[in-house]
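Pasting work_24.txt here (compact mmCIF, C-alpha atoms):
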```txt
# COMPACT_ATOMS: atom_id res chain seq x y z
CA MET A 447 226.52 28.56 -38.72
CA ARG A 448 227.79 30.57 -41.72
CA VAL A 449 226.39 29.01 -44.90
CA VAL A 450 226.86 29.63 -48.61
CA ALA A 451 223.56 29.03 -50.42
CA ALA A 452 224.26 28.02 -54.01
CA MET A 453 221.59 29.94 -55.96
CA SER A 454 221.13 28.82 -59.56
CA GLY A 455 218.27 31.23 -60.24
CA GLY A 456 215.63 28.50 -60.04
CA VAL A 457 212.81 27.91 -57.60
CA ASP A 458 214.50 25.05 -55.71
CA SER A 459 217.66 26.90 -54.72
CA ALA A 460 215.58 29.97 -53.83
CA VAL A 461 213.49 28.05 -51.30
CA ALA A 462 216.59 26.24 -50.01
CA ALA A 463 218.26 29.58 -49.22
CA ALA A 464 215.09 30.83 -47.51
CA ARG A 465 214.83 27.72 -45.36
CA MET A 466 218.45 27.99 -44.24
CA LEU A 467 217.78 31.58 -43.21
CA ASP A 468 214.64 30.51 -41.34
CA ALA A 469 216.71 27.90 -39.50
CA GLY A 470 218.81 30.66 -37.99
CA HIS A 471 221.95 30.40 -40.11
CA GLU A 472 223.97 33.32 -41.44
CA VAL A 473 223.35 32.91 -45.17
CA VAL A 474 225.14 34.38 -48.18
CA GLY A 475 223.79 33.71 -51.66
CA VAL A 476 226.26 32.71 -54.37
CA HIS A 477 225.52 32.22 -58.05
CA LEU A 478 228.09 30.24 -60.03
CA ALA A 479 228.97 31.76 -63.40
CA LEU A 480 229.72 28.61 -65.39
CA ALA A 481 229.01 29.70 -68.97
CA GLN A 482 231.97 31.12 -70.85
CA SER A 483 229.67 33.27 -73.04
CA ALA A 484 228.10 35.06 -70.09
CA SER A 485 226.23 37.55 -72.30
CA THR A 486 223.97 34.79 -73.63
CA LEU A 487 220.42 34.73 -72.31
CA ARG A 488 218.52 31.48 -72.02
CA GLU A 489 216.31 30.84 -75.04
CA SER A 490 214.46 27.84 -73.60
CA ALA A 491 213.87 25.94 -70.37
CA ARG A 492 216.81 23.64 -71.08
CA GLY A 493 219.79 25.75 -70.15
CA CYS A 494 220.88 27.29 -66.87
CA CYS A 495 223.61 29.45 -65.34
CA THR A 496 222.97 32.42 -67.69
CA ILE A 497 222.73 36.15 -67.03
CA GLU A 498 218.97 35.75 -66.76
CA ASP A 499 219.43 33.13 -64.04
CA ALA A 500 221.91 35.30 -62.16
CA GLY A 501 219.37 38.13 -62.19
CA ASP A 502 216.63 35.84 -60.89
CA ALA A 503 218.90 34.65 -58.07
CA ARG A 504 219.83 38.22 -57.14
CA ARG A 505 216.17 39.25 -56.90
CA VAL A 506 215.47 36.36 -54.51
CA ALA A 507 218.51 37.29 -52.39
CA ASP A 508 217.34 40.91 -52.25
CA ARG A 509 213.90 39.80 -51.10
CA LEU A 510 215.50 37.65 -48.38
CA GLY A 511 217.82 40.49 -47.39
CA ILE A 512 220.99 38.42 -47.71
CA PRO A 513 224.30 39.33 -49.37
CA PHE A 514 224.67 38.02 -52.92
CA TYR A 515 227.75 37.36 -55.04
CA VAL A 516 228.56 35.84 -58.41
CA TRP A 517 231.60 33.56 -58.37
CA ASP A 518 233.24 32.96 -61.73
CA MET A 519 234.03 29.27 -62.12
CA ALA A 520 233.69 29.09 -65.91
CA GLN A 521 237.27 27.96 -66.50
CA ARG A 522 237.10 25.27 -63.81
CA PHE A 523 233.75 24.09 -65.20
CA ARG A 524 235.18 24.00 -68.72
CA GLU A 525 238.16 21.89 -67.64
CA ASP A 526 236.53 19.54 -65.13
CA VAL A 527 233.07 19.04 -66.64
CA VAL A 528 232.84 20.09 -70.30
CA GLU A 529 236.24 18.81 -71.43
CA ASP A 530 235.77 15.63 -69.39
CA PHE A 531 232.42 15.13 -71.15
CA GLU A 532 234.06 15.52 -74.56
CA ARG A 533 236.98 13.23 -73.70
CA GLU A 534 234.64 10.52 -72.47
CA TYR A 535 232.54 10.58 -75.64
CA ALA A 536 235.70 10.66 -77.78
CA ALA A 537 236.76 7.46 -75.99
CA GLY A 538 233.40 5.79 -76.69
CA ARG A 539 231.96 6.18 -73.19
CA THR A 540 228.69 7.78 -72.05
CA PRO A 541 229.36 10.18 -69.13
CA ASN A 542 226.97 11.89 -66.74
CA PRO A 543 228.12 15.53 -66.49
CA CYS A 544 225.78 16.30 -63.56
CA LEU A 545 227.66 13.87 -61.31
CA ARG A 546 230.98 15.30 -62.43
CA CYS A 547 229.73 18.85 -61.76
CA ASN A 548 228.67 17.90 -58.24
CA GLU A 549 231.97 16.13 -57.62
CA LYS A 550 234.30 18.76 -59.09
CA ILE A 551 232.42 22.07 -58.88
CA LYS A 552 229.56 22.36 -56.39
CA PHE A 553 231.03 20.20 -53.62
CA ALA A 554 234.71 20.71 -54.38
CA ALA A 555 235.53 24.09 -55.94
CA LEU A 556 232.54 25.87 -54.38
CA LEU A 557 232.86 24.19 -50.99
CA ASP A 558 236.64 24.68 -50.89
CA LYS A 559 236.29 28.40 -51.61
CA ALA A 560 233.52 28.75 -49.06
CA LEU A 561 235.62 27.10 -46.36
CA ALA A 562 238.64 29.23 -47.27
CA LEU A 563 236.51 32.35 -46.77
CA GLY A 564 235.43 31.24 -43.33
CA PHE A 565 232.07 29.64 -44.07
CA ASP A 566 231.02 26.38 -42.44
CA ALA A 567 228.90 24.68 -45.07
CA VAL A 568 227.15 24.84 -48.46
CA ALA A 569 223.40 24.48 -49.03
CA THR A 570 221.83 23.56 -52.38
CA GLY A 571 218.36 22.94 -53.76
CA HIS A 572 218.96 19.24 -54.48
CA TYR A 573 216.17 16.84 -53.57
CA ALA A 574 217.89 14.54 -51.08
CA GLN A 575 218.05 14.10 -47.32
CA ILE A 576 220.85 13.94 -44.77
CA GLU A 577 220.24 11.93 -41.63
CA GLU A 578 222.37 12.33 -38.53
CA HIS A 579 223.17 9.45 -36.17
CA GLU A 580 225.21 9.29 -33.00
CA ASP A 581 228.54 7.62 -33.69
CA THR A 582 231.47 7.93 -31.31
CA SER A 583 233.89 6.98 -34.10
CA ALA A 584 232.74 9.88 -36.33
CA PRO A 585 234.04 13.46 -36.06
CA GLY A 586 232.03 15.28 -33.41
CA GLY A 587 230.31 12.04 -32.46
CA VAL A 588 227.80 12.39 -35.33
CA ARG A 589 227.64 10.36 -38.54
CA ARG A 590 225.86 11.99 -41.49
CA GLU A 591 224.21 9.78 -44.11
CA LEU A 592 222.86 10.68 -47.55
CA HIS A 593 219.34 9.37 -48.23
CA ARG A 594 216.74 9.57 -50.97
CA ALA A 595 214.27 12.46 -50.99
CA VAL A 596 210.65 12.07 -49.92
CA ASP A 597 209.57 13.05 -53.45
CA LEU A 598 210.89 10.06 -55.37
CA ALA A 599 209.88 11.63 -58.69
CA LYS A 600 212.37 14.45 -58.01
CA ASP A 601 214.94 12.47 -55.98
CA GLN A 602 218.49 13.58 -56.85
CA SER A 603 220.45 11.35 -54.52
CA TYR A 604 221.83 9.57 -57.60
CA VAL A 605 223.74 12.63 -58.81
CA LEU A 606 224.99 13.23 -55.26
CA GLY A 607 226.43 9.73 -54.98
CA VAL A 608 229.91 11.15 -55.65
CA LEU A 609 230.07 13.00 -52.30
CA ASP A 610 232.38 11.67 -49.62
CA ALA A 611 231.91 11.79 -45.86
CA ASP A 612 233.83 15.06 -45.43
CA GLN A 613 231.69 16.79 -48.07
CA LEU A 614 228.47 15.45 -46.55
CA ALA A 615 229.56 16.81 -43.19
CA ARG A 616 229.49 20.31 -44.68
CA SER A 617 226.41 20.06 -46.91
CA PHE A 618 222.73 20.85 -46.43
CA PHE A 619 219.80 19.80 -48.63
CA PRO A 620 216.79 21.60 -47.10
CA LEU A 621 214.25 20.39 -49.67
CA GLY A 622 214.57 16.64 -49.18
CA ASP A 623 211.50 16.29 -46.97
CA THR A 624 209.17 18.17 -49.36
CA THR A 625 207.53 17.52 -52.72
CA LYS A 626 208.09 19.76 -55.74
CA PRO A 627 204.48 21.10 -55.82
CA GLN A 628 204.87 22.09 -52.17
CA ILE A 629 208.13 23.88 -52.98
CA ARG A 630 206.48 25.89 -55.76
CA ASP A 631 203.60 26.78 -53.44
CA GLU A 632 206.05 27.91 -50.75
CA ALA A 633 207.93 30.03 -53.28
CA ARG A 634 204.65 31.67 -54.30
CA ARG A 635 203.75 32.40 -50.68
CA ARG A 636 207.18 33.92 -50.11
CA GLY A 637 206.65 36.19 -53.12
CA PHE A 638 209.51 34.81 -55.19
CA SER A 639 209.33 35.75 -58.87
CA VAL A 640 210.74 32.31 -59.78
CA ALA A 641 207.78 30.40 -58.28
CA LYS A 642 206.50 29.38 -61.72
CA LYS A 643 209.85 29.31 -63.51
CA PRO A 644 210.24 26.06 -65.48
CA ASP A 645 212.92 23.60 -64.44
CA SER A 646 216.09 23.38 -66.50
CA HIS A 647 216.81 19.92 -67.82
CA ASP A 648 219.14 17.91 -70.03
CA ILE A 649 222.79 19.04 -70.19
CA CYS A 650 223.16 22.66 -69.10
CA PHE A 651 225.96 23.52 -71.55
CA ILE A 652 224.01 22.07 -74.50
CA ALA A 653 221.05 24.42 -74.27
CA ASP A 654 219.31 23.20 -77.44
CA GLY A 655 219.43 19.56 -76.27
CA ASP A 656 221.18 18.39 -79.46
CA THR A 657 223.97 16.30 -77.96
CA ARG A 658 224.90 14.65 -81.25
CA GLY A 659 225.16 18.02 -83.00
CA TYR A 660 227.28 19.39 -80.15
CA LEU A 661 229.66 16.43 -80.32
CA ALA A 662 229.92 16.67 -84.10
CA LYS A 663 231.06 20.30 -83.77
CA ARG A 664 233.51 19.55 -80.96
CA LEU A 665 234.87 16.18 -82.06
CA GLY A 666 234.28 16.32 -85.79
CA ALA A 667 231.84 14.50 -88.06
CA GLU A 668 233.71 11.53 -89.50
CA PRO A 669 231.56 9.07 -91.49
CA GLY A 670 231.89 5.39 -90.62
CA PRO A 671 230.04 2.11 -90.97
CA ILE A 672 227.05 0.84 -89.02
CA VAL A 673 227.34 -2.95 -88.91
CA ASP A 674 225.54 -5.92 -87.41
CA ALA A 675 227.09 -8.47 -85.04
CA GLU A 676 228.43 -10.43 -88.05
CA GLY A 677 230.10 -7.36 -89.54
CA GLU A 678 227.67 -6.77 -92.41
CA VAL A 679 227.47 -3.08 -93.28
CA LEU A 680 223.91 -1.81 -92.82
CA GLY A 681 224.40 1.93 -93.11
CA GLU A 682 226.66 4.88 -92.40
CA HIS A 683 226.94 7.29 -89.47
CA GLY A 684 228.54 10.69 -89.03
CA GLY A 685 230.71 9.82 -86.03
CA ALA A 686 230.60 6.90 -83.59
CA HIS A 687 230.80 9.30 -80.63
CA GLY A 688 227.27 10.47 -81.45
CA TYR A 689 225.71 7.10 -80.57
CA THR A 690 225.13 5.38 -77.26
CA VAL A 691 224.30 1.83 -76.23
CA GLY A 692 220.57 1.14 -76.34
CA GLN A 693 219.80 3.85 -78.89
CA ARG A 694 217.12 2.91 -81.45
CA ARG A 695 216.08 6.14 -83.15
CA GLY A 696 218.08 8.09 -85.69
CA LEU A 697 220.12 5.16 -87.01
CA GLY A 698 219.14 5.67 -90.65
CA LEU A 699 219.75 2.04 -91.62
CA LYS A 700 219.45 1.20 -95.31
CA VAL A 701 219.15 -2.57 -94.86
CA PRO A 702 216.03 -3.63 -92.94
CA PRO A 703 216.14 -6.83 -90.85
CA ALA A 704 214.66 -9.88 -92.56
CA ASP A 705 212.29 -10.56 -89.65
CA GLY A 706 211.21 -6.93 -89.30
CA SER A 707 212.55 -6.66 -85.72
CA LYS A 708 213.90 -3.44 -84.25
CA ARG A 709 217.62 -2.79 -84.10
CA TYR A 710 219.50 -1.05 -81.30
CA VAL A 711 223.03 0.21 -80.79
CA VAL A 712 224.85 -2.66 -79.08
CA SER A 713 228.31 -1.11 -78.92
CA THR A 714 230.47 1.65 -80.37
CA ASP A 715 234.18 1.70 -81.17
CA THR A 716 235.58 5.19 -81.59
CA ARG A 717 239.01 3.85 -82.57
CA SER A 718 237.64 2.15 -85.68
CA ASN A 719 234.72 4.61 -85.87
CA THR A 720 232.25 1.73 -86.00
CA VAL A 721 228.73 1.43 -84.60
CA VAL A 722 227.39 -2.09 -84.00
CA VAL A 723 223.63 -2.70 -83.95
CA GLY A 724 221.59 -5.76 -83.15
CA PRO A 725 218.33 -7.10 -81.72
CA GLU A 726 217.08 -6.16 -78.28
CA GLU A 727 218.21 -9.42 -76.66
CA LEU A 728 221.88 -8.46 -77.22
CA LEU A 729 221.46 -5.43 -74.95
CA GLY A 730 220.78 -7.28 -71.71
CA VAL A 731 223.60 -7.28 -69.15
CA ASP A 732 223.63 -8.29 -65.50
CA LEU A 733 227.25 -7.59 -64.60
CA VAL A 734 228.94 -4.20 -64.42
CA GLU A 735 232.44 -3.47 -63.20
CA GLY A 736 233.22 -0.02 -61.94
CA ASP A 737 236.18 2.13 -60.97
CA HIS A 738 236.57 5.73 -59.79
CA LEU A 739 234.85 4.75 -56.54
CA ARG A 740 233.32 7.36 -54.27
CA TRP A 741 232.07 6.30 -50.83
CA CYS A 742 229.48 8.35 -48.92
CA GLY A 743 231.01 7.26 -45.64
CA ALA A 744 233.61 4.72 -44.54
CA PRO A 745 234.57 2.43 -47.44
CA PRO A 746 233.78 -1.27 -47.09
CA PRO A 747 236.75 -3.61 -46.68
CA VAL A 748 238.40 -5.15 -49.73
CA GLY A 749 236.82 -8.53 -50.43
CA ALA A 750 233.45 -7.61 -48.94
CA GLU A 751 230.31 -9.07 -50.51
CA LEU A 752 227.34 -6.75 -50.06
CA ALA A 753 223.63 -7.07 -50.85
CA LEU A 754 222.68 -3.61 -52.12
CA GLY A 755 220.47 -1.81 -54.59
CA ALA A 756 222.02 -0.49 -57.81
CA GLN A 757 220.77 2.40 -59.94
CA ILE A 758 222.26 3.10 -63.37
CA ARG A 759 220.45 6.27 -64.46
CA SER A 760 219.46 9.51 -62.72
CA HIS A 761 215.77 8.63 -62.54
CA GLY A 762 216.05 4.97 -63.40
CA GLN A 763 214.90 1.91 -61.53
CA GLU A 764 216.82 0.45 -58.61
CA TYR A 765 217.81 -3.20 -59.02
CA ALA A 766 218.77 -5.76 -56.40
CA ALA A 767 222.47 -6.56 -56.69
CA ARG A 768 225.42 -8.39 -55.15
CA VAL A 769 228.42 -6.10 -54.90
CA SER A 770 231.94 -7.51 -54.68
CA VAL A 771 234.54 -5.04 -53.42
CA GLY A 772 238.03 -5.66 -54.72
CA THR A 773 241.40 -4.32 -55.86
CA GLN A 774 243.06 -2.47 -53.03
CA GLY A 775 244.67 0.90 -53.68
CA ASP A 776 247.83 2.41 -52.23
CA GLU A 777 246.06 3.50 -49.03
CA GLY A 778 244.11 0.28 -48.58
CA ILE A 779 240.97 1.80 -50.12
CA PRO A 780 239.03 -0.28 -52.68
CA GLU A 781 239.51 0.83 -56.28
CA ARG A 782 237.07 -1.42 -58.17
CA VAL A 783 233.72 -3.09 -57.64
CA ALA A 784 231.81 -5.79 -59.49
CA VAL A 785 228.04 -5.38 -59.40
CA ARG A 786 226.00 -8.46 -60.28
CA LEU A 787 222.39 -7.49 -60.94
CA ALA A 788 219.49 -9.78 -60.06
CA GLU A 789 218.13 -9.35 -63.60
CA ARG A 790 219.42 -8.33 -67.01
CA ILE A 791 218.86 -4.72 -68.00
CA ARG A 792 219.31 -2.87 -71.27
CA GLY A 793 221.22 0.18 -72.38
CA VAL A 794 224.08 0.07 -69.89
CA ALA A 795 227.24 1.68 -71.26
CA PRO A 796 230.78 2.30 -70.02
CA GLY A 797 231.11 5.82 -68.67
CA GLN A 798 227.73 5.80 -66.96
CA SER A 799 227.62 5.71 -63.17
CA VAL A 800 226.24 3.03 -60.90
CA VAL A 801 225.06 4.35 -57.54
CA LEU A 802 224.68 1.87 -54.69
CA TYR A 803 221.92 2.00 -52.05
CA ASP A 804 221.22 0.30 -48.75
CA GLY A 805 217.51 0.97 -48.44
CA THR A 806 217.22 4.73 -48.94
CA ARG A 807 220.84 5.37 -47.91
CA VAL A 808 223.44 6.10 -50.58
CA VAL A 809 226.46 3.88 -49.99
CA GLY A 810 228.59 5.20 -52.84
CA SER A 811 229.11 5.23 -56.58
CA ALA A 812 231.39 3.99 -59.33
CA THR A 813 231.97 4.82 -62.99
CA ILE A 814 231.14 1.83 -65.18
CA ALA A 815 234.29 0.51 -66.83
CA SER A 816 232.82 -2.59 -68.49
CA THR A 817 229.60 -4.59 -68.79
CA GLY A 818 228.79 -8.22 -69.46
CA ARG A 819 226.79 -11.24 -68.49
CA ALA A 820 227.58 -13.07 -65.29
CA ALA A 821 228.32 -16.78 -65.52
CA CYS A 822 225.43 -18.93 -64.29
```

What do you get writing this file as structure tokens?
Amino acid sequence: MRVVAAMSGGVDSAVAAARMLDAGHEVVGVHLALAQSASTLRESARGCCTIEDAGDARRVADRLGIPFYVWDMAQRFREDVVEDFEREYAAGRTPNPCLRCNEKIKFAALLDKALALGFDAVATGHYAQIEEHEDTSAPGGVRRELHRAVDLAKDQSYVLGVLDADQLARSFFPLGDTTKPQIRDEARRRGFSVAKKPDSHDICFIADGDTRGYLAKRLGAEPGPIVDAEGEVLGEHGGAHGYTVGQRRGLGLKVPPADGSKRYVVSTDTRSNTVVVGPEELLGVDLVEGDHLRWCGAPPPVGAELALGAQIRSHGQEYAARVSVGTQGDEGIPERVAVRLAERIRGVAPGQSVVLYDGTRVVGSATIASTGRAAC
């Protein structure tokens, strides 16, 4: 099989490419140039996709003896990930750019280009597993399922919950059955210079990790009131888009609560440029409604009631949930879901993603449109 190995320049994608080669595939390494200022070198462990990373990926490819190319997808990344991120925050939502990058770039733009050039599949260094099962109704008689990784501390199935069945059919995740320490040890034994390279984290296009500062530069810093649930002004902020539900630090409130309790961001309204704060008990929700559905396999029928697990954050806890599938689209495919959680949880905001699980299997995902408390 001819496979494009997406090589970020980190240790995970390096070992993934090596394992695909060991499995007998014809492998070509590809580094995605996503940064528009490509001359910038990484100054910390936060960023990725820089010239330094491209050089690291090339050295690994040379050691493996495989062809290596850099594909420029900076404009597509800017439009589909960065600008989407900014629009979502401007609208008062809290997006996850890693899911959008997987949906629009790594398993859409990259995969589409690979297929157009005659390749059969894409392999990445994500920590997740694909299981194959005989199924006469599936193409080729095999159904592929996305499952959690063995190393739950590194599991990335959440950010892959946007992949559909066709994309899964052409994807490989060779690291899913291995722990991160084992991957680093394997990289060392293979002689890869990236064996001890620190992981990138946070948002790759905000290398200094200052999301609020980034948004202030992009969306503007417009002062507005911070109020309590009754509308009393407690302080001032520099832009409602810089705050997210559940936030406690950095509020700068001038009026302390009479009982000395902590205050959290309960909601934001970018239209009125208002941030509402309140006590912790106002944060708890047990009902989320989602749209922009993505199913990792055949979609459930409209009207279905499913007992599934729901995860709200990349490395957050999974909660038992009842999922109601509703609102049929033009092609008979569900367009919305209601997820009723077995317990109330804090810090859930529109724009985040809820990923649904059946055991370790990823069923699909939705973007949270609204939150609330289910009627008893």

Record the distance separating CA of Ala812 (chain A) and CA of Arg740 (chain A), expressed in Å with one decimal. 6.4 Å

Out of A:Gly587, A:Gly607, A:Gly455, A:Pro702, which residue has the shortest atom-to-atom distance to Arg546 (chain A) when counting only C-alpha atoms?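 Of A:Gly587, A:Gly607, A:Gly455, A:Pro702, the one nearest Arg546 (chain A), counting only C-alpha atoms, is A:Gly607.
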
Considering all atoms listed in the file, return as a ChimeraX atom specification whatever protein or nucleic-acid residues lie within 9 Å of Gln613 (chain A), sequence-local ones (same chain, fewer than 4 positions apart) excluded. /A:553-554,557,567,609,617,742

Do you have the CA of Asp581 (chain A)-CA of His738 (chain A) distance handy?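 Taking CA of Asp581 (chain A) and CA of His738 (chain A), their separation equals 27.4 Å.
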
Using all atoms listed in the file, find each residue in region 707-805 of chain A having at least one atom no more than 8 Å away from region 693-697 of chain A; report its shortest atom-to-atom pair and that distance in Å (one decimal), rows by chain then rising number, as a tab-separated table.
```
residue	atom	partner	partner_atom	distance
A:Lys708	CA	A:Arg694	CA	7.7
A:Arg709	CA	A:Arg694	CA	6.3
A:Tyr710	CA	A:Arg694	CA	4.6
A:Val711	CA	A:Gln693	CA	5.2
A:Gly793	CA	A:Gln693	CA	7.6
```

Compile a residue-level contact table for region 447-551 of chain A against region 591-604 of chain A at a cut-off of 12 Å, reporting for every qualifying residue the shortest atom pair and its distance in Å to one decimal, with all atoms listed in the file counted, rows ordered by chain and ascending number, as JSON lines.
```
{"residue": "A:Asp458", "atom": "CA", "partner": "A:Lys600", "partner_atom": "CA", "distance": 11.1}
{"residue": "A:Asn542", "atom": "CA", "partner": "A:Tyr604", "partner_atom": "CA", "distance": 10.7}
{"residue": "A:Cys544", "atom": "CA", "partner": "A:Tyr604", "partner_atom": "CA", "distance": 9.8}
{"residue": "A:Leu545", "atom": "CA", "partner": "A:Tyr604", "partner_atom": "CA", "distance": 8.1}
{"residue": "A:Arg546", "atom": "CA", "partner": "A:Tyr604", "partner_atom": "CA", "distance": 11.8}
{"residue": "A:Asn548", "atom": "CA", "partner": "A:Tyr604", "partner_atom": "CA", "distance": 10.8}
```

Just want the 8 Å neighbourhood of Pro669 (chain A), counted on only C-alpha atoms, with same-chain residues fewer than 2 positions away dropped. Output as a ChimeraX atom specification. /A:667,671,682-685,719

Measure the distance from CA of Ile649 (chain A) to CA of Val722 (chain A) in Å and round it to one decimal.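 According to the coordinates, CA of Ile649 (chain A) and CA of Val722 (chain A) are separated by 25.7 Å.
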
Option closest in space to Gly688 (chain A), from A:Asp508, A:Glu764, A:Asp526, A:Glu668 [counting all atoms listed in the file]: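 Closest to Gly688 (chain A) of all the choices is A:Glu668.
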
Could you tell me which of A:Gly772, A:Arg807, A:Ala562, A:Gly511 comes closest to Glu577 (chain A) if we count all atoms listed in the file?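 Answer, going by the shortest atom-to-atom distance: A:Arg807.
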
With all atoms listed in the file as the counted atoms, please give the residues lying no more than 8 Å from Arg819 (chain A), apart from itself and same-chain residues fewer than 2 positions off, as a ChimeraX atom specification. /A:730-733,817,821

Expected file: the selected residues, C-alpha atoms, as a PDB file, keeping the file's coordinate frame:
```pdb
ATOM      1  CA  GLY A 730     220.780  -7.280 -71.710  1.00  0.00           C
ATOM      2  CA  VAL A 731     223.600  -7.280 -69.150  1.00  0.00           C
ATOM      3  CA  ASP A 732     223.630  -8.290 -65.500  1.00  0.00           C
ATOM      4  CA  LEU A 733     227.250  -7.590 -64.600  1.00  0.00           C
ATOM      5  CA  THR A 817     229.600  -4.590 -68.790  1.00  0.00           C
ATOM      6  CA  ALA A 821     228.320 -16.780 -65.520  1.00  0.00           C
TER       7      ALA A 821
END
```

Of the candidates A:Ala675, A:Ala462, A:Val474, A:Ala503, which shows the shortest atom-to-atom distance to Lys643 (chain A), using only C-alpha atoms? A:Ala503

For each of A:Pro644, A:Arg616, A:Ile551, A:Leu480, take the minimum atom-to-atom distance to Val457 (chain A), counting only C-alpha atoms, then give the residue where this is smallest.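 Closest candidate: A:Pro644.
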
Might you pull out every residue within 9 Å of Ile629 (chain A), with only C-alpha atoms counted and same-chain residues fewer than 4 positions away left off, and present them as a list of chain:residue names?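 Neighbouring residues, sequence-local ones excluded: A:Val457, A:Asp458, A:Val461, A:Leu621, A:Thr624, A:Thr625, A:Ala633, A:Arg634, A:Ala641.
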
Looking at A:Leu739, A:Ala788, A:Val800, A:Leu728, which one is nearest to Val771 (chain A), with distances taken over all atoms listed in the file?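 Checking each candidate against Val771 (chain A), we get A:Leu739 as the closest.
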